[in-house]
file data-v8.cif (mmCIF, C-alpha atoms)
data_coords
loop_
_atom_site.label_atom_id
_atom_site.label_comp_id
_atom_site.auth_asym_id
_atom_site.auth_seq_id
_atom_site.Cartn_x
_atom_site.Cartn_y
_atom_site.Cartn_z
CA MET A 178 4.52 -26.84 -3.84
CA PRO A 179 1.89 -24.87 -1.89
CA THR A 180 0.30 -21.96 -3.70
CA PRO A 181 1.45 -18.61 -2.26
CA VAL A 182 -1.54 -16.59 -1.04
CA ALA A 183 -1.73 -12.88 -0.24
CA LEU A 184 -4.69 -11.04 1.23
CA THR A 185 -5.51 -7.41 0.56
CA ILE A 186 -7.66 -5.47 3.04
CA ALA A 187 -8.47 -2.20 1.31
CA GLY A 188 -11.01 -0.11 -0.55
CA SER A 189 -12.56 -0.88 -3.92
CA ASP A 190 -11.79 1.46 -6.84
CA SER A 191 -14.67 1.33 -9.32
CA SER A 192 -12.35 2.40 -12.18
CA GLY A 193 -10.04 -0.55 -11.51
CA GLY A 194 -6.72 1.28 -11.26
CA ALA A 195 -6.10 1.42 -7.52
CA GLY A 196 -7.22 -0.20 -4.29
CA ILE A 197 -8.42 -3.80 -4.20
CA GLN A 198 -8.38 -4.06 -7.98
CA ALA A 199 -4.75 -2.90 -8.30
CA ASP A 200 -3.73 -5.24 -5.48
CA LEU A 201 -5.32 -8.31 -7.08
CA LYS A 202 -3.80 -7.46 -10.47
CA THR A 203 -0.38 -7.12 -8.82
CA PHE A 204 -0.70 -10.42 -6.98
CA ALA A 205 -1.70 -12.17 -10.21
CA ALA A 206 1.09 -10.58 -12.24
CA LEU A 207 3.65 -11.75 -9.66
CA GLY A 208 2.38 -15.33 -9.43
CA VAL A 209 0.49 -15.08 -6.15
CA TYR A 210 -3.12 -16.07 -5.46
CA GLY A 211 -5.01 -13.03 -4.21
CA ALA A 212 -7.84 -12.87 -1.69
CA SER A 213 -9.60 -9.67 -0.65
CA VAL A 214 -11.44 -8.05 2.22
CA ILE A 215 -13.27 -4.93 1.09
CA ALA A 216 -13.12 -2.26 3.80
CA ALA A 217 -14.75 0.55 1.80
CA LEU A 218 -16.22 1.19 -1.63
CA THR A 219 -15.36 4.26 -3.64
CA ALA A 220 -17.11 5.81 -6.61
CA GLN A 221 -13.91 6.74 -8.41
CA ASN A 222 -12.33 7.21 -11.80
CA THR A 223 -9.07 8.58 -13.19
CA LYS A 224 -10.24 12.15 -12.48
CA GLY A 225 -11.26 11.80 -8.87
CA VAL A 226 -13.36 10.32 -6.09
CA THR A 227 -17.04 11.24 -6.08
CA GLY A 228 -18.21 9.10 -3.18
CA ILE A 229 -17.17 6.70 -0.41
CA HIS A 230 -19.43 4.03 1.06
CA GLN A 231 -18.18 2.52 4.28
CA VAL A 232 -18.42 -1.23 4.89
CA PRO A 233 -19.66 -1.97 8.43
CA ALA A 234 -16.86 -3.05 10.75
CA GLU A 235 -18.73 -6.25 11.65
CA PHE A 236 -18.79 -7.31 8.00
CA VAL A 237 -15.10 -6.48 7.54
CA ALA A 238 -14.42 -8.82 10.47
CA GLU A 239 -16.62 -11.50 8.91
CA GLN A 240 -14.69 -11.29 5.64
CA ILE A 241 -11.36 -11.59 7.47
CA ASN A 242 -12.51 -14.67 9.34
CA ALA A 243 -13.89 -16.28 6.18
CA VAL A 244 -10.54 -15.92 4.42
CA PHE A 245 -8.28 -17.05 7.25
CA VAL A 246 -10.36 -20.03 8.31
CA ASP A 247 -9.88 -21.55 4.85
CA LEU A 248 -6.86 -20.07 3.06
CA ALA A 249 -3.19 -20.32 4.05
CA VAL A 250 -2.46 -16.59 3.89
CA GLY A 251 1.24 -15.89 3.53
CA ALA A 252 1.07 -12.09 3.70
CA VAL A 253 -1.47 -9.33 4.29
CA LYS A 254 -1.50 -5.94 2.63
CA ILE A 255 -3.64 -3.24 4.25
CA GLY A 256 -4.61 -0.21 2.20
CA MET A 257 -7.50 2.26 2.50
CA VAL A 258 -9.18 1.91 5.91
CA ALA A 259 -11.09 5.11 6.47
CA GLN A 260 -12.88 4.67 9.82
CA ARG A 261 -11.76 3.99 13.38
CA ASP A 262 -14.16 1.06 13.97
CA VAL A 263 -12.95 -0.67 10.78
CA ILE A 264 -9.32 -0.17 11.87
CA GLU A 265 -10.13 -1.73 15.23
CA ALA A 266 -11.89 -4.68 13.55
CA ILE A 267 -8.86 -5.30 11.33
CA ALA A 268 -6.50 -5.13 14.29
CA ALA A 269 -8.64 -7.63 16.18
CA GLY A 270 -8.65 -9.97 13.17
CA LEU A 271 -4.87 -9.79 12.84
CA ALA A 272 -4.48 -10.47 16.55
CA THR A 273 -6.67 -13.56 16.21
CA TRP A 274 -5.09 -15.01 13.06
CA GLN A 275 -1.53 -13.67 13.49
CA PRO A 276 -0.32 -13.64 9.87
CA LYS A 277 3.45 -13.77 9.51
CA HIS A 278 3.74 -10.71 7.28
CA VAL A 279 1.72 -7.46 7.35
CA VAL A 280 2.35 -4.61 4.91
CA LEU A 281 0.54 -1.37 5.73
CA ASP A 282 0.08 1.36 3.13
CA PRO A 283 -1.32 4.33 5.10
CA VAL A 284 -3.50 5.66 2.28
CA MET A 285 -4.76 9.15 3.06
CA VAL A 286 -5.14 10.92 -0.27
CA ALA A 287 -5.80 9.57 -3.77
CA THR A 288 -3.56 10.42 -6.74
CA SER A 289 -6.31 12.84 -7.81
CA GLY A 290 -5.91 14.74 -4.54
CA ASP A 291 -9.13 13.52 -2.92
CA ARG A 292 -8.93 12.71 0.80
CA LEU A 293 -9.64 9.06 1.59
CA LEU A 294 -8.97 8.85 5.34
CA ALA A 295 -11.09 10.58 7.97
CA PRO A 296 -8.85 12.81 10.16
CA GLU A 297 -10.00 11.05 13.34
CA ALA A 298 -8.86 7.73 11.89
CA ILE A 299 -5.23 8.81 11.66
CA ALA A 300 -4.76 8.45 15.42
CA ALA A 301 -6.22 4.93 15.29
CA LEU A 302 -3.92 4.06 12.42
CA ARG A 303 -0.92 5.21 14.47
CA SER A 304 -1.86 3.46 17.69
CA THR A 305 -3.64 0.33 16.46
CA LEU A 306 -2.41 -0.84 13.05
CA ILE A 307 1.12 0.49 12.65
CA PRO A 308 2.42 -1.53 15.66
CA LEU A 309 1.18 -4.71 13.93
CA ALA A 310 2.96 -4.01 10.64
CA GLN A 311 6.23 -5.52 9.49
CA ILE A 312 6.60 -2.58 7.12
CA ILE A 313 4.65 0.61 6.39
CA THR A 314 4.88 2.37 3.01
CA PRO A 315 3.93 6.05 3.33
CA ASN A 316 4.71 8.60 0.65
CA LEU A 317 6.35 11.86 1.68
CA PRO A 318 3.09 13.69 2.59
CA GLU A 319 1.74 10.66 4.47
CA ALA A 320 4.94 10.25 6.47
CA ALA A 321 4.71 13.91 7.48
CA ALA A 322 1.02 13.56 8.41
CA LEU A 323 1.65 10.52 10.58
CA LEU A 324 4.26 12.50 12.51
CA ASP A 325 2.41 15.85 12.51
CA GLU A 326 5.47 17.39 10.83
CA PRO A 327 6.18 19.32 7.62
CA MET A 328 7.05 17.22 4.58
CA ALA A 329 10.72 16.24 4.65
CA GLU A 330 13.11 17.48 1.98
CA GLY A 331 16.47 15.86 1.31
CA ASP A 332 17.97 12.50 2.24
CA THR A 333 18.86 13.35 5.83
CA ALA A 334 15.41 14.71 6.73
CA ILE A 335 13.59 11.83 5.06
CA GLU A 336 15.71 9.22 6.82
CA ALA A 337 15.16 11.02 10.14
CA GLN A 338 11.38 10.90 9.63
CA GLY A 339 11.67 7.21 8.83
CA LYS A 340 13.47 6.60 12.12
CA ARG A 341 10.75 8.48 14.00
CA LEU A 342 8.07 6.41 12.27
CA LEU A 343 9.79 3.26 13.57
CA THR A 344 9.05 4.43 17.11
CA LEU A 345 5.33 3.92 16.35
CA GLY A 346 5.99 0.17 16.48
CA CYS A 347 6.53 -1.10 12.93
CA LYS A 348 9.66 -3.07 12.04
CA ALA A 349 10.55 -1.17 8.85
CA VAL A 350 9.51 1.87 6.83
CA LEU A 351 9.58 2.50 3.09
CA ILE A 352 9.14 6.20 2.40
CA LYS A 353 8.16 6.63 -1.24
CA GLY A 354 9.77 9.43 -3.20
CA GLY A 355 7.25 9.87 -5.98
CA HIS A 356 6.21 13.28 -4.64
CA GLY A 357 9.78 14.53 -4.79
CA THR A 358 11.49 16.32 -7.64
CA GLY A 359 14.49 15.70 -9.87
CA PRO A 360 15.42 13.09 -12.45
CA GLU A 361 15.21 10.20 -9.98
CA SER A 362 12.38 8.93 -7.80
CA THR A 363 14.11 7.64 -4.69
CA ASP A 364 12.44 5.50 -2.05
CA TYR A 365 14.03 5.07 1.37
CA PHE A 366 14.01 1.68 3.10
CA ILE A 367 14.63 2.26 6.79
CA THR A 368 15.06 -0.21 9.64
CA ALA A 369 16.45 0.15 13.14
CA ASP A 370 20.03 -0.39 11.97
CA ARG A 371 20.20 0.99 8.43
CA ALA A 372 18.75 3.26 5.77
CA ILE A 373 18.98 2.32 2.10
CA ALA A 374 18.20 4.66 -0.79
CA LEU A 375 16.46 2.95 -3.72
CA PRO A 376 16.63 5.28 -6.74
CA ALA A 377 14.91 4.77 -10.08
CA PRO A 378 14.53 7.05 -13.10
CA ARG A 379 11.54 9.37 -12.72
CA VAL A 380 9.11 8.47 -15.52
CA ALA A 381 7.46 11.39 -17.34
CA THR A 382 3.83 10.28 -17.36
CA LYS A 383 0.55 11.43 -15.85
CA ASN A 384 -0.57 7.79 -15.62
CA THR A 385 0.35 7.05 -12.02
CA HIS A 386 -3.04 6.05 -10.59
CA GLY A 387 -2.58 3.22 -8.12
CA THR A 388 1.20 3.34 -7.78
CA GLY A 389 1.19 3.23 -3.98
CA CYS A 390 -1.30 0.37 -3.87
CA THR A 391 0.72 -1.51 -6.46
CA LEU A 392 4.03 -1.10 -4.64
CA SER A 393 2.72 -2.24 -1.26
CA SER A 394 0.89 -5.23 -2.74
CA ALA A 395 4.04 -6.19 -4.70
CA ILE A 396 5.96 -6.24 -1.40
CA ALA A 397 3.25 -8.45 0.11
CA ALA A 398 3.45 -10.76 -2.91
CA GLY A 399 7.20 -11.15 -2.47
CA LEU A 400 6.79 -11.92 1.23
CA ALA A 401 4.06 -14.46 0.46
CA LYS A 402 6.50 -16.22 -1.88
CA GLY A 403 9.09 -16.44 0.89
CA GLU A 404 11.36 -13.54 -0.01
CA ALA A 405 13.22 -11.69 2.72
CA LEU A 406 11.88 -8.19 3.42
CA GLU A 407 14.65 -6.21 1.72
CA ALA A 408 14.53 -8.49 -1.34
CA ALA A 409 10.74 -8.11 -1.51
CA VAL A 410 11.07 -4.32 -1.34
CA ARG A 411 13.71 -4.22 -4.07
CA SER A 412 11.76 -6.48 -6.41
CA ALA A 413 8.56 -4.51 -5.75
CA LYS A 414 10.34 -1.26 -6.58
CA ALA A 415 11.55 -2.73 -9.88
CA TYR A 416 8.07 -4.04 -10.69
CA VAL A 417 6.25 -0.76 -10.06
CA THR A 418 8.90 1.23 -11.96
CA ALA A 419 8.35 -1.02 -14.99
CA ALA A 420 4.56 -0.73 -14.57
CA ILE A 421 4.80 3.08 -14.59
CA SER A 422 7.17 3.04 -17.57
CA ALA A 423 4.62 0.98 -19.51
CA ALA A 424 1.59 3.01 -18.38
CA ASP A 425 1.37 5.06 -21.58
CA ARG A 426 0.63 1.89 -23.55
CA PHE A 427 -2.86 2.30 -22.09
CA ALA A 428 -5.41 4.94 -23.06
CA VAL A 429 -7.73 4.67 -20.07
CA GLY A 430 -9.78 7.59 -18.78
CA HIS A 431 -9.22 11.33 -19.01
CA GLY A 432 -7.23 11.99 -15.83
CA HIS A 433 -4.44 10.12 -14.07
CA GLY A 434 -4.58 6.77 -15.85
CA PRO A 435 -3.54 3.45 -14.30
CA VAL A 436 -0.12 1.85 -14.37
CA HIS A 437 0.30 -1.30 -16.50
CA HIS A 438 0.21 -4.18 -14.02
CA PHE A 439 0.62 -6.81 -16.75
CA HIS A 440 3.40 -5.06 -18.65
CA ALA A 441 5.39 -8.31 -18.79
CA PHE A 442 2.59 -10.08 -20.66
CA TYR A 443 1.18 -7.57 -23.18
#
call {"tool": "encode", "arguments": {"input": "data-v8.cif", "output": "structure tokens"}}
result
Amino acid sequence: MPTPVALTIAGSDSSGGAGIQADLKTFAALGVYGASVIAALTAQNTKGVTGIHQVPAEFVAEQINAVFVDLAVGAVKIGMVAQRDVIEAIAAGLATWQPKHVVLDPVMVATSGDRLLAPEAIAALRSTLIPLAQIITPNLPEAAALLDEPMAEGDTAIEAQGKRLLTLGCKAVLIKGGHGTGPESTDYFITADRAIALPAPRVATKNTHGTGCTLSSAIAAGLAKGEALEAAVRSAKAYVTAAISAADRFAVGHGHGPVHHFHAFY
């Protein structure tokens, strides 16, 4: 049997809880070989982001080519891409190599509240990367920002925003409900012909660093293993819910600690 391979194109989190590091942990936990293209480096911990160092677009392109020329990539997850020229380099790489599955997590703000995406890059994200994605996974504030609208409240408004996001060119949208309120955290899986609510108990923990990265990379892992999109989304939701539920087993840092990617093992 061939080894399933997933590639993450994202930023590095020096504290290990989000970004490239969270993606590779997720791939490994779900039985997928992980490769990485580092698009930015952050000086970051559980309390916040103190610096961002951009990787030149030419070197991002070189990393992409090095991976695809050798590895049989089954799915690509794209996370933090903070600059327009890097976004354009990634889009060019995807056009060249044409991976079957692309999962885009439009990361704009860290769990700590620090902004990660330059405002001028949002337009490039809309016009250049979203049309190449099989699925995008914004949270409620990110969905609103992509549409230049207020944050949606309630099932009907959230589903309507999801439908409008589809007009940007992606095939499906998963709007994450972690920023909502109430006893359940409900994500909304939206395609052209249906909208499915995916509820899970809301876990009372401050240790949620890297949840968005983990969810999107879990979807990519499922797709790399040959799962259908809806099945990959459902299994990813279950995985990240369990990782959040187990997060308090860790005592890491003094802010928003990481989720437990290897909760099934220790």
call {"tool": "atom_distance", "arguments": {"input": "data-v8.cif", "atom1": "CA of Glu336 (chain A)", "atom2": "CA of Val410 (chain A)"}}
result
16.5 Å
call {"tool": "closest_residue", "arguments": {"input": "data-v8.cif", "among": "A:Thr368, A:Thr388, A:Thr219, A:Thr314", "to": "Gly434 (chain A)", "atoms": "all atoms listed in the file"}}
result
A:Thr388
call {"tool": "residues_near_point", "arguments": {"input": "data-v8.cif", "point": "(5.8, -5.6, 9.3)", "cutoff": "8 Å", "atoms": "all atoms listed in the file", "output": "count of residues only"}}
result
12
call {"tool": "atom_distance", "arguments": {"input": "data-v8.cif", "atom1": "CA of Gly339 (chain A)", "atom2": "CA of Leu324 (chain A)"}}
result
9.8 Å
call {"tool": "resolve_selection", "arguments": {"input": "data-v8.cif", "expression": "the PyMOL selection byres ((chain A and resi 236-247) around 6)", "output": "PyMOL selection string"}}
result
chain A and resi 214+216+233-235+248+266
call {"tool": "closest_residue", "arguments": {"input": "data-v8.cif", "among": "A:Leu343, A:Val209, A:Leu392, A:Ile367", "to": "Ala195 (chain A)", "atoms": "all atoms listed in the file"}}
result
A:Leu392
call {"tool": "closest_residue", "arguments": {"input": "data-v8.cif", "among": "A:Leu184, A:Ile264, A:Val380, A:Ala409", "to": "Ala217 (chain A)", "atoms": "only C-alpha atoms"}}
result
A:Ile264
call {"tool": "atom_distance", "arguments": {"input": "data-v8.cif", "atom1": "CA of Asp282 (chain A)", "atom2": "CA of Ile299 (chain A)"}}
result
12.5 Å
call {"tool": "closest_residue", "arguments": {"input": "data-v8.cif", "among": "A:Val284, A:Leu400, A:Leu218, A:Ala374", "to": "Ser191 (chain A)", "atoms": "only C-alpha atoms"}}
result
A:Leu218
call {"tool": "closest_residue", "arguments": {"input": "data-v8.cif", "among": "A:Leu317, A:Ala413, A:Cys390, A:Ala377", "to": "Asp200 (chain A)", "atoms": "all atoms listed in the file"}}
result
A:Cys390
call {"tool": "resolve_selection", "arguments": {"input": "data-v8.cif", "expression": "the PyMOL selection byres ((chain A and resi 221) around 10)", "output": "VMD selection string"}}
result
chain A and resid 189 to 195 218 to 220 222 to 229 287 289 291
call {"tool": "write_last_selection", "arguments": {"input": "data-v8.cif", "atoms": "C-alpha atoms", "output": "PDB file, in the frame of the given file"}}
result
ATOM      1  CA  SER A 189     -12.560  -0.880  -3.920  1.00  0.00           C
ATOM      2  CA  ASP A 190     -11.790   1.460  -6.840  1.00  0.00           C
ATOM      3  CA  SER A 191     -14.670   1.330  -9.320  1.00  0.00           C
ATOM      4  CA  SER A 192     -12.350   2.400 -12.180  1.00  0.00           C
ATOM      5  CA  GLY A 193     -10.040  -0.550 -11.510  1.00  0.00           C
ATOM      6  CA  GLY A 194      -6.720   1.280 -11.260  1.00  0.00           C
ATOM      7  CA  ALA A 195      -6.100   1.420  -7.520  1.00  0.00           C
ATOM      8  CA  LEU A 218     -16.220   1.190  -1.630  1.00  0.00           C
ATOM      9  CA  THR A 219     -15.360   4.260  -3.640  1.00  0.00           C
ATOM     10  CA  ALA A 220     -17.110   5.810  -6.610  1.00  0.00           C
ATOM     11  CA  ASN A 222     -12.330   7.210 -11.800  1.00  0.00           C
ATOM     12  CA  THR A 223      -9.070   8.580 -13.190  1.00  0.00           C
ATOM     13  CA  LYS A 224     -10.240  12.150 -12.480  1.00  0.00           C
ATOM     14  CA  GLY A 225     -11.260  11.800  -8.870  1.00  0.00           C
ATOM     15  CA  VAL A 226     -13.360  10.320  -6.090  1.00  0.00           C
ATOM     16  CA  THR A 227     -17.040  11.240  -6.080  1.00  0.00           C
ATOM     17  CA  GLY A 228     -18.210   9.100  -3.180  1.00  0.00           C
ATOM     18  CA  ILE A 229     -17.170   6.700  -0.410  1.00  0.00           C
ATOM     19  CA  ALA A 287      -5.800   9.570  -3.770  1.00  0.00           C
ATOM     20  CA  SER A 289      -6.310  12.840  -7.810  1.00  0.00           C
ATOM     21  CA  ASP A 291      -9.130  13.520  -2.920  1.00  0.00           C
TER      22      ASP A 291
END
call {"tool": "build_atoms", "arguments": {"input": "data-v8.cif", "residues": "region 385-396 of chain A", "atoms": "all heavy atoms", "output": "PDB file, in the frame of the given file"}}
result
ATOM      1  N   THR A 385      -0.245   7.573 -13.252  1.00  0.00           N
ATOM      2  CA  THR A 385       0.350   7.050 -12.020  1.00  0.00           C
ATOM      3  C   THR A 385      -0.712   6.611 -11.014  1.00  0.00           C
ATOM      4  O   THR A 385      -0.415   6.410  -9.844  1.00  0.00           O
ATOM      5  CB  THR A 385       1.261   8.104 -11.374  1.00  0.00           C
ATOM      6  OG1 THR A 385       0.489   9.305 -11.143  1.00  0.00           O
ATOM      7  CG2 THR A 385       2.450   8.421 -12.259  1.00  0.00           C
ATOM      8  N   HIS A 386      -1.945   6.466 -11.482  1.00  0.00           N
ATOM      9  CA  HIS A 386      -3.040   6.050 -10.590  1.00  0.00           C
ATOM     10  C   HIS A 386      -2.767   4.649 -10.050  1.00  0.00           C
ATOM     11  O   HIS A 386      -2.505   3.724 -10.804  1.00  0.00           O
ATOM     12  CB  HIS A 386      -4.352   6.065 -11.388  1.00  0.00           C
ATOM     13  CG  HIS A 386      -5.579   5.791 -10.564  1.00  0.00           C
ATOM     14  ND1 HIS A 386      -5.888   6.512  -9.437  1.00  0.00           N
ATOM     15  CD2 HIS A 386      -6.572   4.886 -10.713  1.00  0.00           C
ATOM     16  CE1 HIS A 386      -7.030   6.069  -8.936  1.00  0.00           C
ATOM     17  NE2 HIS A 386      -7.462   5.069  -9.690  1.00  0.00           N
ATOM     18  N   GLY A 387      -2.763   4.522  -8.731  1.00  0.00           N
ATOM     19  CA  GLY A 387      -2.580   3.220  -8.120  1.00  0.00           C
ATOM     20  C   GLY A 387      -1.152   2.812  -7.840  1.00  0.00           C
ATOM     21  O   GLY A 387      -0.899   1.654  -7.463  1.00  0.00           O
ATOM     22  N   THR A 388      -0.203   3.726  -7.980  1.00  0.00           N
ATOM     23  CA  THR A 388       1.200   3.340  -7.780  1.00  0.00           C
ATOM     24  C   THR A 388       1.480   2.882  -6.350  1.00  0.00           C
ATOM     25  O   THR A 388       2.183   1.890  -6.127  1.00  0.00           O
ATOM     26  CB  THR A 388       2.152   4.495  -8.136  1.00  0.00           C
ATOM     27  OG1 THR A 388       1.691   5.686  -7.480  1.00  0.00           O
ATOM     28  CG2 THR A 388       2.193   4.727  -9.626  1.00  0.00           C
ATOM     29  N   GLY A 389       0.944   3.603  -5.367  1.00  0.00           N
ATOM     30  CA  GLY A 389       1.190   3.230  -3.980  1.00  0.00           C
ATOM     31  C   GLY A 389       0.582   1.887  -3.625  1.00  0.00           C
ATOM     32  O   GLY A 389       1.210   1.063  -2.944  1.00  0.00           O
ATOM     33  N   CYS A 390      -0.651   1.656  -4.098  1.00  0.00           N
ATOM     34  CA  CYS A 390      -1.300   0.370  -3.870  1.00  0.00           C
ATOM     35  C   CYS A 390      -0.481  -0.750  -4.504  1.00  0.00           C
ATOM     36  O   CYS A 390      -0.278  -1.821  -3.904  1.00  0.00           O
ATOM     37  CB  CYS A 390      -2.707   0.372  -4.471  1.00  0.00           C
ATOM     38  SG  CYS A 390      -3.773   1.687  -3.881  1.00  0.00           S
ATOM     39  N   THR A 391      -0.019  -0.500  -5.715  1.00  0.00           N
ATOM     40  CA  THR A 391       0.720  -1.510  -6.460  1.00  0.00           C
ATOM     41  C   THR A 391       2.035  -1.853  -5.778  1.00  0.00           C
ATOM     42  O   THR A 391       2.406  -3.034  -5.654  1.00  0.00           O
ATOM     43  CB  THR A 391       0.971  -1.012  -7.895  1.00  0.00           C
ATOM     44  OG1 THR A 391      -0.301  -0.811  -8.543  1.00  0.00           O
ATOM     45  CG2 THR A 391       1.795  -1.995  -8.701  1.00  0.00           C
ATOM     46  N   LEU A 392       2.754  -0.849  -5.300  1.00  0.00           N
ATOM     47  CA  LEU A 392       4.030  -1.100  -4.640  1.00  0.00           C
ATOM     48  C   LEU A 392       3.854  -1.918  -3.365  1.00  0.00           C
ATOM     49  O   LEU A 392       4.563  -2.911  -3.142  1.00  0.00           O
ATOM     50  CB  LEU A 392       4.725   0.222  -4.318  1.00  0.00           C
ATOM     51  CG  LEU A 392       6.075   0.119  -3.596  1.00  0.00           C
ATOM     52  CD1 LEU A 392       7.101  -0.614  -4.454  1.00  0.00           C
ATOM     53  CD2 LEU A 392       6.593   1.496  -3.217  1.00  0.00           C
ATOM     54  N   SER A 393       2.907  -1.527  -2.527  1.00  0.00           N
ATOM     55  CA  SER A 393       2.720  -2.240  -1.260  1.00  0.00           C
ATOM     56  C   SER A 393       2.233  -3.663  -1.491  1.00  0.00           C
ATOM     57  O   SER A 393       2.655  -4.596  -0.776  1.00  0.00           O
ATOM     58  CB  SER A 393       1.757  -1.472  -0.348  1.00  0.00           C
ATOM     59  OG  SER A 393       0.527  -1.220  -0.989  1.00  0.00           O
ATOM     60  N   SER A 394       1.366  -3.865  -2.478  1.00  0.00           N
ATOM     61  CA  SER A 394       0.890  -5.230  -2.740  1.00  0.00           C
ATOM     62  C   SER A 394       1.992  -6.070  -3.386  1.00  0.00           C
ATOM     63  O   SER A 394       2.047  -7.289  -3.172  1.00  0.00           O
ATOM     64  CB  SER A 394      -0.367  -5.212  -3.604  1.00  0.00           C
ATOM     65  OG  SER A 394      -0.184  -4.495  -4.799  1.00  0.00           O
ATOM     66  N   ALA A 395       2.899  -5.442  -4.138  1.00  0.00           N
ATOM     67  CA  ALA A 395       4.040  -6.190  -4.700  1.00  0.00           C
ATOM     68  C   ALA A 395       4.972  -6.645  -3.576  1.00  0.00           C
ATOM     69  O   ALA A 395       5.531  -7.753  -3.636  1.00  0.00           O
ATOM     70  CB  ALA A 395       4.789  -5.334  -5.709  1.00  0.00           C
ATOM     71  N   ILE A 396       5.152  -5.823  -2.551  1.00  0.00           N
ATOM     72  CA  ILE A 396       5.960  -6.240  -1.400  1.00  0.00           C
ATOM     73  C   ILE A 396       5.294  -7.438  -0.719  1.00  0.00           C
ATOM     74  O   ILE A 396       5.949  -8.434  -0.380  1.00  0.00           O
ATOM     75  CB  ILE A 396       6.133  -5.082  -0.401  1.00  0.00           C
ATOM     76  CG1 ILE A 396       6.947  -3.943  -1.024  1.00  0.00           C
ATOM     77  CG2 ILE A 396       6.817  -5.573   0.881  1.00  0.00           C
ATOM     78  CD1 ILE A 396       6.975  -2.678  -0.180  1.00  0.00           C
TER      79      ILE A 396
END
